[in-house]
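Source file: entry29.cif. Holds: mmCIF, N, CA and C atoms.
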```cif
data_coords
loop_
_atom_site.label_atom_id
_atom_site.label_comp_id
_atom_site.auth_asym_id
_atom_site.auth_seq_id
_atom_site.Cartn_x
_atom_site.Cartn_y
_atom_site.Cartn_z
N GLN O 1 130.06 80.85 99.31
CA GLN O 1 129.10 81.81 98.82
C GLN O 1 127.77 81.62 99.53
N VAL O 2 127.29 82.67 100.14
CA VAL O 2 126.02 82.61 100.86
C VAL O 2 124.88 82.76 99.84
N GLN O 3 123.93 81.87 99.91
CA GLN O 3 122.77 81.94 99.03
C GLN O 3 121.50 82.09 99.84
N LEU O 4 120.63 82.98 99.34
CA LEU O 4 119.33 83.19 99.95
C LEU O 4 118.27 82.85 98.91
N VAL O 5 117.33 82.02 99.27
CA VAL O 5 116.32 81.59 98.32
C VAL O 5 114.94 81.86 98.91
N GLU O 6 114.20 82.77 98.25
CA GLU O 6 112.85 83.11 98.70
C GLU O 6 111.82 82.19 98.04
N SER O 7 110.71 82.03 98.71
CA SER O 7 109.58 81.29 98.15
C SER O 7 108.30 81.79 98.81
N GLY O 8 107.17 81.41 98.21
CA GLY O 8 105.89 81.73 98.80
C GLY O 8 105.13 82.86 98.13
N GLY O 9 105.74 83.49 97.14
CA GLY O 9 105.04 84.56 96.43
C GLY O 9 103.95 84.01 95.53
N GLY O 10 103.16 84.92 94.99
CA GLY O 10 102.09 84.49 94.08
C GLY O 10 101.03 85.56 93.95
N LEU O 11 99.89 85.14 93.41
CA LEU O 11 98.75 86.02 93.21
C LEU O 11 97.76 85.83 94.35
N VAL O 12 97.32 86.93 94.93
CA VAL O 12 96.37 86.88 96.05
C VAL O 12 95.36 88.00 95.88
N GLN O 13 94.14 87.77 96.34
CA GLN O 13 93.10 88.78 96.25
C GLN O 13 93.29 89.83 97.35
N PRO O 14 92.79 91.04 97.10
CA PRO O 14 92.85 92.07 98.16
C PRO O 14 92.19 91.57 99.44
N GLY O 15 92.86 91.86 100.55
CA GLY O 15 92.39 91.39 101.85
C GLY O 15 92.94 90.04 102.24
N GLY O 16 93.61 89.37 101.32
CA GLY O 16 94.15 88.04 101.58
C GLY O 16 95.49 88.07 102.29
N SER O 17 96.06 86.88 102.46
CA SER O 17 97.32 86.71 103.18
C SER O 17 98.27 85.83 102.39
N LEU O 18 99.54 86.04 102.63
CA LEU O 18 100.60 85.18 102.10
C LEU O 18 101.70 85.10 103.13
N ARG O 19 102.45 83.99 103.10
CA ARG O 19 103.64 83.89 103.94
C ARG O 19 104.84 83.60 103.04
N LEU O 20 105.81 84.49 103.09
CA LEU O 20 107.05 84.30 102.36
C LEU O 20 108.08 83.62 103.26
N SER O 21 108.92 82.81 102.63
CA SER O 21 110.02 82.16 103.35
C SER O 21 111.32 82.46 102.63
N CYS O 22 112.39 82.47 103.39
CA CYS O 22 113.72 82.67 102.81
C CYS O 22 114.69 81.77 103.55
N VAL O 23 115.29 80.84 102.81
CA VAL O 23 116.25 79.91 103.38
C VAL O 23 117.65 80.39 103.05
N VAL O 24 118.50 80.40 104.04
CA VAL O 24 119.89 80.84 103.88
C VAL O 24 120.81 79.63 103.93
N SER O 25 121.69 79.53 102.93
CA SER O 25 122.52 78.33 102.81
C SER O 25 123.65 78.31 103.82
N ASP O 26 124.06 79.47 104.27
CA ASP O 26 125.22 79.57 105.15
C ASP O 26 124.94 78.95 106.52
N GLY O 27 125.91 78.22 107.03
CA GLY O 27 125.72 77.56 108.32
C GLY O 27 125.76 78.50 109.50
N THR O 28 126.09 79.78 109.27
CA THR O 28 126.15 80.74 110.37
C THR O 28 124.95 81.68 110.33
N PHE O 29 123.80 81.13 109.97
CA PHE O 29 122.58 81.93 109.86
C PHE O 29 122.33 82.77 111.10
N ASN O 30 122.61 82.20 112.27
CA ASN O 30 122.29 82.93 113.51
C ASN O 30 123.25 84.09 113.78
N MET O 31 124.20 84.33 112.87
CA MET O 31 125.07 85.51 112.97
C MET O 31 124.54 86.69 112.17
N TYR O 32 123.45 86.46 111.42
CA TYR O 32 122.93 87.49 110.54
C TYR O 32 121.67 88.14 111.09
N ALA O 33 121.64 89.46 111.02
CA ALA O 33 120.36 90.16 111.09
C ALA O 33 119.71 89.99 109.72
N MET O 34 118.42 89.77 109.69
CA MET O 34 117.72 89.49 108.44
C MET O 34 116.69 90.57 108.15
N GLY O 35 116.41 90.74 106.88
CA GLY O 35 115.44 91.75 106.50
C GLY O 35 114.67 91.37 105.25
N TRP O 36 113.55 92.03 105.06
CA TRP O 36 112.77 91.92 103.84
C TRP O 36 112.62 93.32 103.24
N PHE O 37 112.80 93.38 101.93
CA PHE O 37 112.59 94.60 101.17
C PHE O 37 111.64 94.28 100.02
N ARG O 38 111.12 95.31 99.40
CA ARG O 38 110.29 95.09 98.22
C ARG O 38 110.52 96.21 97.22
N GLN O 39 110.27 95.88 95.96
CA GLN O 39 110.44 96.86 94.89
C GLN O 39 109.32 96.72 93.88
N ALA O 40 108.54 97.77 93.74
CA ALA O 40 107.48 97.82 92.75
C ALA O 40 108.02 98.45 91.48
N PRO O 41 107.39 98.20 90.33
CA PRO O 41 107.87 98.77 89.07
C PRO O 41 107.97 100.28 89.13
N GLY O 42 109.12 100.81 88.74
CA GLY O 42 109.32 102.25 88.71
C GLY O 42 109.59 102.88 90.06
N LYS O 43 109.73 102.06 91.10
CA LYS O 43 109.96 102.60 92.44
C LYS O 43 111.27 102.07 93.01
N GLU O 44 111.77 102.76 94.03
CA GLU O 44 112.97 102.31 94.70
C GLU O 44 112.66 101.14 95.62
N ARG O 45 113.71 100.37 95.91
CA ARG O 45 113.55 99.25 96.84
C ARG O 45 113.26 99.81 98.23
N GLU O 46 112.23 99.25 98.85
CA GLU O 46 111.69 99.78 100.10
C GLU O 46 111.87 98.79 101.24
N PHE O 47 112.25 99.29 102.40
CA PHE O 47 112.37 98.44 103.60
C PHE O 47 110.98 98.00 104.04
N VAL O 48 110.86 96.70 104.30
CA VAL O 48 109.60 96.13 104.77
C VAL O 48 109.70 95.74 106.24
N GLY O 49 110.73 94.97 106.58
CA GLY O 49 110.88 94.54 107.96
C GLY O 49 112.27 94.03 108.22
N GLY O 50 112.70 94.12 109.48
CA GLY O 50 114.00 93.62 109.87
C GLY O 50 113.89 92.90 111.20
N ILE O 51 114.79 91.94 111.42
CA ILE O 51 114.75 91.15 112.63
C ILE O 51 116.17 90.88 113.10
N SER O 52 116.36 90.92 114.40
CA SER O 52 117.67 90.71 114.98
C SER O 52 118.08 89.24 114.93
N ARG O 53 119.30 88.98 115.25
CA ARG O 53 119.82 87.61 115.24
C ARG O 53 119.00 86.68 116.14
N SER O 54 118.65 87.17 117.27
CA SER O 54 117.91 86.35 118.24
C SER O 54 116.43 86.23 117.90
N GLY O 55 115.96 87.14 117.04
CA GLY O 55 114.54 87.18 116.74
C GLY O 55 113.74 87.99 117.73
N GLY O 56 114.41 88.51 118.74
CA GLY O 56 113.69 89.22 119.79
C GLY O 56 113.38 90.67 119.49
N VAL O 57 114.01 91.22 118.46
CA VAL O 57 113.80 92.63 118.12
C VAL O 57 113.43 92.72 116.64
N THR O 58 112.37 93.46 116.37
CA THR O 58 111.91 93.61 114.99
C THR O 58 111.60 95.08 114.69
N SER O 59 111.57 95.38 113.41
CA SER O 59 111.23 96.73 112.96
C SER O 59 110.50 96.61 111.64
N TYR O 60 109.59 97.57 111.37
CA TYR O 60 108.78 97.50 110.16
C TYR O 60 108.71 98.84 109.46
N GLY O 61 108.55 98.79 108.14
CA GLY O 61 108.28 99.99 107.39
C GLY O 61 106.89 100.52 107.72
N LYS O 62 106.72 101.82 107.56
CA LYS O 62 105.46 102.45 107.96
C LYS O 62 104.26 101.88 107.20
N SER O 63 104.45 101.54 105.94
CA SER O 63 103.32 101.12 105.12
C SER O 63 102.85 99.70 105.43
N VAL O 64 103.62 98.94 106.19
CA VAL O 64 103.23 97.55 106.46
C VAL O 64 103.03 97.27 107.94
N LYS O 65 103.33 98.24 108.77
CA LYS O 65 103.22 98.04 110.21
C LYS O 65 101.79 97.64 110.56
N GLU O 66 101.64 96.74 111.48
CA GLU O 66 100.36 96.21 111.95
C GLU O 66 99.75 95.18 111.00
N ARG O 67 100.33 95.02 109.79
CA ARG O 67 99.79 94.03 108.85
C ARG O 67 100.77 92.90 108.59
N PHE O 68 102.07 93.20 108.61
CA PHE O 68 103.10 92.21 108.30
C PHE O 68 103.84 91.83 109.59
N THR O 69 104.32 90.58 109.62
CA THR O 69 105.10 90.10 110.75
C THR O 69 106.32 89.35 110.23
N ILE O 70 107.48 89.76 110.71
CA ILE O 70 108.72 89.06 110.35
C ILE O 70 109.10 88.15 111.52
N SER O 71 109.59 86.96 111.19
CA SER O 71 110.02 86.02 112.21
C SER O 71 111.14 85.17 111.64
N ARG O 72 111.79 84.40 112.49
CA ARG O 72 112.88 83.55 112.02
C ARG O 72 112.93 82.28 112.85
N ASP O 73 113.47 81.24 112.22
CA ASP O 73 113.70 79.96 112.88
C ASP O 73 115.17 79.63 112.66
N ASN O 74 115.98 79.88 113.67
CA ASN O 74 117.42 79.69 113.51
C ASN O 74 117.79 78.21 113.31
N ALA O 75 116.96 77.31 113.78
CA ALA O 75 117.23 75.89 113.59
C ALA O 75 117.02 75.46 112.13
N LYS O 76 116.23 76.24 111.40
CA LYS O 76 115.93 75.92 110.00
C LYS O 76 116.59 76.89 109.02
N ASN O 77 117.41 77.80 109.54
CA ASN O 77 118.08 78.80 108.68
C ASN O 77 117.08 79.56 107.82
N THR O 78 115.95 79.89 108.39
CA THR O 78 114.85 80.46 107.61
C THR O 78 114.28 81.70 108.29
N VAL O 79 113.97 82.69 107.45
CA VAL O 79 113.26 83.88 107.90
C VAL O 79 111.93 83.93 107.15
N TYR O 80 110.91 84.40 107.84
CA TYR O 80 109.56 84.42 107.27
C TYR O 80 109.01 85.85 107.24
N LEU O 81 108.07 86.06 106.35
CA LEU O 81 107.31 87.31 106.33
C LEU O 81 105.84 86.95 106.16
N GLN O 82 105.09 87.09 107.24
CA GLN O 82 103.65 86.86 107.19
C GLN O 82 102.97 88.16 106.80
N MET O 83 102.21 88.12 105.71
CA MET O 83 101.58 89.33 105.17
C MET O 83 100.07 89.16 105.21
N ASN O 84 99.41 90.03 105.94
CA ASN O 84 97.95 90.00 106.07
C ASN O 84 97.34 91.28 105.52
N SER O 85 96.06 91.23 105.27
CA SER O 85 95.31 92.41 104.78
C SER O 85 96.00 93.05 103.58
N LEU O 86 96.36 92.21 102.64
CA LEU O 86 97.10 92.70 101.47
C LEU O 86 96.23 93.59 100.59
N ASN O 87 96.87 94.58 99.99
CA ASN O 87 96.18 95.45 99.05
C ASN O 87 97.06 95.66 97.81
N ALA O 88 96.51 96.33 96.81
CA ALA O 88 97.21 96.46 95.53
C ALA O 88 98.57 97.15 95.69
N GLU O 89 98.69 98.03 96.66
CA GLU O 89 99.95 98.74 96.87
C GLU O 89 101.06 97.83 97.39
N ASP O 90 100.71 96.63 97.80
CA ASP O 90 101.72 95.66 98.26
C ASP O 90 102.31 94.86 97.11
N THR O 91 101.79 95.05 95.92
CA THR O 91 102.31 94.34 94.76
C THR O 91 103.75 94.77 94.48
N ALA O 92 104.65 93.80 94.45
CA ALA O 92 106.07 94.10 94.27
C ALA O 92 106.85 92.79 94.21
N VAL O 93 108.12 92.91 93.88
CA VAL O 93 109.05 91.80 94.08
C VAL O 93 109.62 91.95 95.48
N TYR O 94 109.54 90.87 96.25
CA TYR O 94 110.00 90.87 97.62
C TYR O 94 111.35 90.16 97.71
N TYR O 95 112.29 90.82 98.40
CA TYR O 95 113.64 90.31 98.54
C TYR O 95 113.97 90.11 100.02
N CYS O 96 114.65 89.01 100.32
CA CYS O 96 115.20 88.88 101.66
C CYS O 96 116.68 89.21 101.60
N ALA O 97 117.21 89.62 102.74
CA ALA O 97 118.59 90.07 102.82
C ALA O 97 119.19 89.68 104.16
N ALA O 98 120.51 89.49 104.16
CA ALA O 98 121.23 89.11 105.37
C ALA O 98 122.42 90.04 105.58
N GLY O 99 122.61 90.44 106.83
CA GLY O 99 123.74 91.28 107.17
C GLY O 99 124.36 90.82 108.48
N THR O 100 125.66 90.71 108.50
CA THR O 100 126.34 90.26 109.72
C THR O 100 126.09 91.25 110.85
N ALA O 101 125.71 90.71 111.99
CA ALA O 101 125.44 91.56 113.16
C ALA O 101 126.24 91.04 114.34
N TYR O 102 126.88 91.92 115.07
CA TYR O 102 127.76 91.52 116.16
C TYR O 102 127.06 91.60 117.51
N SER O 103 125.80 91.93 117.47
CA SER O 103 124.97 91.91 118.67
C SER O 103 123.70 91.15 118.36
N ILE O 104 123.19 90.42 119.32
CA ILE O 104 121.98 89.63 119.08
C ILE O 104 120.74 90.49 119.00
N ARG O 105 120.86 91.79 119.35
CA ARG O 105 119.67 92.64 119.37
C ARG O 105 119.65 93.66 118.24
N VAL O 106 120.66 93.61 117.39
CA VAL O 106 120.74 94.59 116.29
C VAL O 106 119.85 94.17 115.13
N TYR O 107 119.16 95.16 114.55
CA TYR O 107 118.46 94.94 113.29
C TYR O 107 118.84 96.08 112.36
N TYR O 108 118.62 95.88 111.07
CA TYR O 108 119.01 96.88 110.08
C TYR O 108 117.79 97.31 109.26
N THR O 109 117.81 98.58 108.85
CA THR O 109 116.70 99.10 108.04
C THR O 109 117.16 99.64 106.69
N GLU O 110 118.46 99.77 106.49
CA GLU O 110 118.99 100.35 105.26
C GLU O 110 119.54 99.27 104.34
N ARG O 111 119.36 99.46 103.04
CA ARG O 111 119.84 98.48 102.07
C ARG O 111 121.34 98.24 102.20
N THR O 112 122.07 99.29 102.45
CA THR O 112 123.54 99.20 102.48
C THR O 112 124.05 98.39 103.67
N GLN O 113 123.20 98.14 104.65
CA GLN O 113 123.62 97.37 105.82
C GLN O 113 123.55 95.86 105.58
N TYR O 114 122.95 95.48 104.46
CA TYR O 114 122.80 94.06 104.15
C TYR O 114 123.79 93.67 103.05
N ARG O 115 124.50 92.59 103.27
CA ARG O 115 125.52 92.17 102.32
C ARG O 115 124.99 91.15 101.31
N TYR O 116 124.10 90.29 101.75
CA TYR O 116 123.64 89.20 100.89
C TYR O 116 122.16 89.36 100.58
N TRP O 117 121.80 89.03 99.33
CA TRP O 117 120.44 89.22 98.87
C TRP O 117 119.94 88.00 98.12
N GLY O 118 118.65 87.74 98.22
CA GLY O 118 118.03 86.70 97.41
C GLY O 118 117.65 87.24 96.05
N GLN O 119 117.09 86.36 95.24
CA GLN O 119 116.74 86.72 93.87
C GLN O 119 115.37 87.36 93.76
N GLY O 120 114.59 87.29 94.81
CA GLY O 120 113.28 87.92 94.84
C GLY O 120 112.15 86.97 94.48
N THR O 121 110.98 87.27 95.02
CA THR O 121 109.77 86.53 94.69
C THR O 121 108.64 87.51 94.47
N GLN O 122 107.87 87.28 93.40
CA GLN O 122 106.82 88.22 93.02
C GLN O 122 105.57 88.02 93.86
N VAL O 123 105.03 89.12 94.36
CA VAL O 123 103.74 89.13 95.04
C VAL O 123 102.83 90.07 94.27
N THR O 124 101.70 89.54 93.83
CA THR O 124 100.73 90.35 93.09
C THR O 124 99.40 90.30 93.81
N VAL O 125 98.88 91.47 94.15
CA VAL O 125 97.59 91.56 94.83
C VAL O 125 96.59 92.14 93.83
N SER O 126 95.63 91.31 93.45
CA SER O 126 94.68 91.73 92.42
C SER O 126 93.42 90.89 92.52
N ALA O 127 92.30 91.53 92.19
CA ALA O 127 91.04 90.80 92.15
C ALA O 127 90.88 90.06 90.82
#
```

This structure in structure tokens:
Amino acid sequence: QVQLVESGGGLVQPGGSLRLSCVVSDGTFNMYAMGWFRQAPGKEREFVGGISRSGGVTSYGKSVKERFTISRDNAKNTVYLQMNSLNAEDTAVYYCAAGTAYSIRVYYTERTQYRYWGQGTQVTVSA
């Protein structure tokens, strides 16, 4: 059973930064394209960012582009989400996800493309 465990969420002031981490228990981490999604109360789960197996290709949702950065460390089975210039609209539960990718350059943007999900970590942006 593949397990994904997120950490790094919390309360931050507007304009601040946070870095989320997600550790994957499976030993074949480098076979997965990884992604981050978020879900605010009353809203659908939204794509935040995706990264290819190699880490060389990334994609971002429109609302976070230029502010968030997704990265991965295959030696540590970990994917990161660096979030800068946070605002109240970024408040949500953030989820990491893993999907098997057969190319090192593939990334995914749709929920249905990811098979494994973490339990989520809360990010609250408030003064």

Find the residues near O:Glu46: any atom within 12 Å, counting only C-alpha atoms, skip ones fewer than 5 places away on the same chain, and give them as a list in words.
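The filter keeps Gly35, Trp36, Phe37, Arg38, Gln39, Ala40, Pro41, Tyr60, Gly61, Lys62, Ser63, Val64, Asp90, Ala92, Val93, Tyr94, Tyr95, Cys96, Thr109, Glu110 and Arg111 of chain O.
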
Place a sphere of radius 5 Å on (115.3, 78.6, 103.6) in the file coordinates and name every protein, DNA or RNA residue with an atom inside or on its surface, counting only N, CA and C atoms; give the answer as a ChimeraX atom specification.
/O:22-24,77-78

I'd like to see the residues matched by the PyMOL selection byres ((chain O and resi 98) around 5) on this file, and ideally I'd get them as a PyMOL selection string.
chain O and resi 33-34+96-97+99-100+114-116

Take the selection from the previous step and output its residues with N, CA and C atoms, as an mmCIF file, keeping the file's coordinate frame.
```cif
data_model
loop_
_atom_site.group_PDB
_atom_site.id
_atom_site.type_symbol
_atom_site.label_atom_id
_atom_site.label_comp_id
_atom_site.auth_asym_id
_atom_site.auth_seq_id
_atom_site.Cartn_x
_atom_site.Cartn_y
_atom_site.Cartn_z
ATOM 1 N N ALA O 33 121.640 89.460 111.020
ATOM 2 C CA ALA O 33 120.360 90.160 111.090
ATOM 3 C C ALA O 33 119.710 89.990 109.720
ATOM 4 N N MET O 34 118.420 89.770 109.690
ATOM 5 C CA MET O 34 117.720 89.490 108.440
ATOM 6 C C MET O 34 116.690 90.570 108.150
ATOM 7 N N CYS O 96 114.650 89.010 100.320
ATOM 8 C CA CYS O 96 115.200 88.880 101.660
ATOM 9 C C CYS O 96 116.680 89.210 101.600
ATOM 10 N N ALA O 97 117.210 89.620 102.740
ATOM 11 C CA ALA O 97 118.590 90.070 102.820
ATOM 12 C C ALA O 97 119.190 89.680 104.160
ATOM 13 N N GLY O 99 122.610 90.440 106.830
ATOM 14 C CA GLY O 99 123.740 91.280 107.170
ATOM 15 C C GLY O 99 124.360 90.820 108.480
ATOM 16 N N THR O 100 125.660 90.710 108.500
ATOM 17 C CA THR O 100 126.340 90.260 109.720
ATOM 18 C C THR O 100 126.090 91.250 110.850
ATOM 19 N N TYR O 114 122.950 95.480 104.460
ATOM 20 C CA TYR O 114 122.800 94.060 104.150
ATOM 21 C C TYR O 114 123.790 93.670 103.050
ATOM 22 N N ARG O 115 124.500 92.590 103.270
ATOM 23 C CA ARG O 115 125.520 92.170 102.320
ATOM 24 C C ARG O 115 124.990 91.150 101.310
ATOM 25 N N TYR O 116 124.100 90.290 101.750
ATOM 26 C CA TYR O 116 123.640 89.200 100.890
ATOM 27 C C TYR O 116 122.160 89.360 100.580
#
```

Distance in Å - atom C of O:Val57 versus atom CA of O:Thr69
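The value is 10.5 Å.
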
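For O:Gly55, the non-local neighbours within 10 Å, defined as residues at least 4 positions apart in the same chain or in other chains and counting only C-alpha atoms, are Asn30, Ala33, Met34, Gly50, Ile51, Ile70, Ser71, Arg72, Asp73, Asn74, Val79, Ile104, Arg105, Val106 and Tyr107 of chain O.
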
Could you please determine the separation between atom N of O:Tyr102 and atom C of O:Tyr32 in Å, to one decimal place?
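Atom C of O:Tyr32 lies at a distance of 7.6 Å from atom N of O:Tyr102.
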
Pick from O:Gly27, O:Gly16, O:Gly56, O:Gly8 nearest to O:Val125, counting all atoms listed in the file:
O:Gly16

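If you count only N, CA and C atoms and ignore residues fewer than 6 places along the chain from O:Ser85, what sits within 6.5 Å of it is Pro14, Gly15, Gly16, Ser17 and Arg67 of chain O.
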
As a VMD selection string, please: all residues of stretch 49-96 of chain O that backbone DSSP puts in strand (DSSP E).
chain O and resid 49 to 51 58 to 60 68 to 73 78 to 83 92 to 96

Using all atoms of stretch 53-65 of chain O listed in the file and a margin of 8 Å per side, can you give the axis-aligned box centre and edge lengths in Å to one decimal, as JSON?
```
{"center_x": 110.8, "center_y": 94.3, "center_z": 112.5, "size_x": 34.0, "size_y": 32.2, "size_z": 30.7}
```

Atom pair atom N of O:Arg19 / atom C of O:Thr112: separation (Å):
26.0 Å

Using all atoms listed in the file, can you tell me which of O:Val5, O:Lys76, O:Met83, O:Tyr108 comes closest to O:Phe47?
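Of all the options, O:Tyr108 lies closest to O:Phe47.
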
Top pick for closest residue to O:Ala127, considering O:Ala101, O:Val48, O:Leu18, O:Val12 and counting only C-alpha atoms
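Of O:Ala101, O:Val48, O:Leu18, O:Val12, the one nearest O:Ala127 is O:Val12, counting only C-alpha atoms.
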
Could you check the closest approach to O:Leu81 for each of O:Gln13, O:Thr121, O:Gln113, O:Gln3 and tell me which residue wins, using only C-alpha atoms?
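Looking only at the distances to O:Leu81, the closest residue turns out to be O:Thr121.
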
If you run DSSP on this backbone, which residues of chain O come out as helix (DSSP H, G or I), and could you give them as an MDAnalysis selection string?
chainID O and resid 29:31 88:90 111:113

To verify the selection step, state as a list in words which residues the PyMOL selection byres ((chain O and resi 9) around 7) yields on this input.
Glu6, Ser7, Gly8, Gly10, Leu11, Arg19, Leu20, Ser21, Thr121, Gln122, Val123 and Thr124 of chain O

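Ranking O:Gln1, O:Thr91, O:Ser52, O:Ser25 by their shortest atom-to-atom distance to O:Ser103, with all atoms listed in the file included, puts O:Ser52 first.
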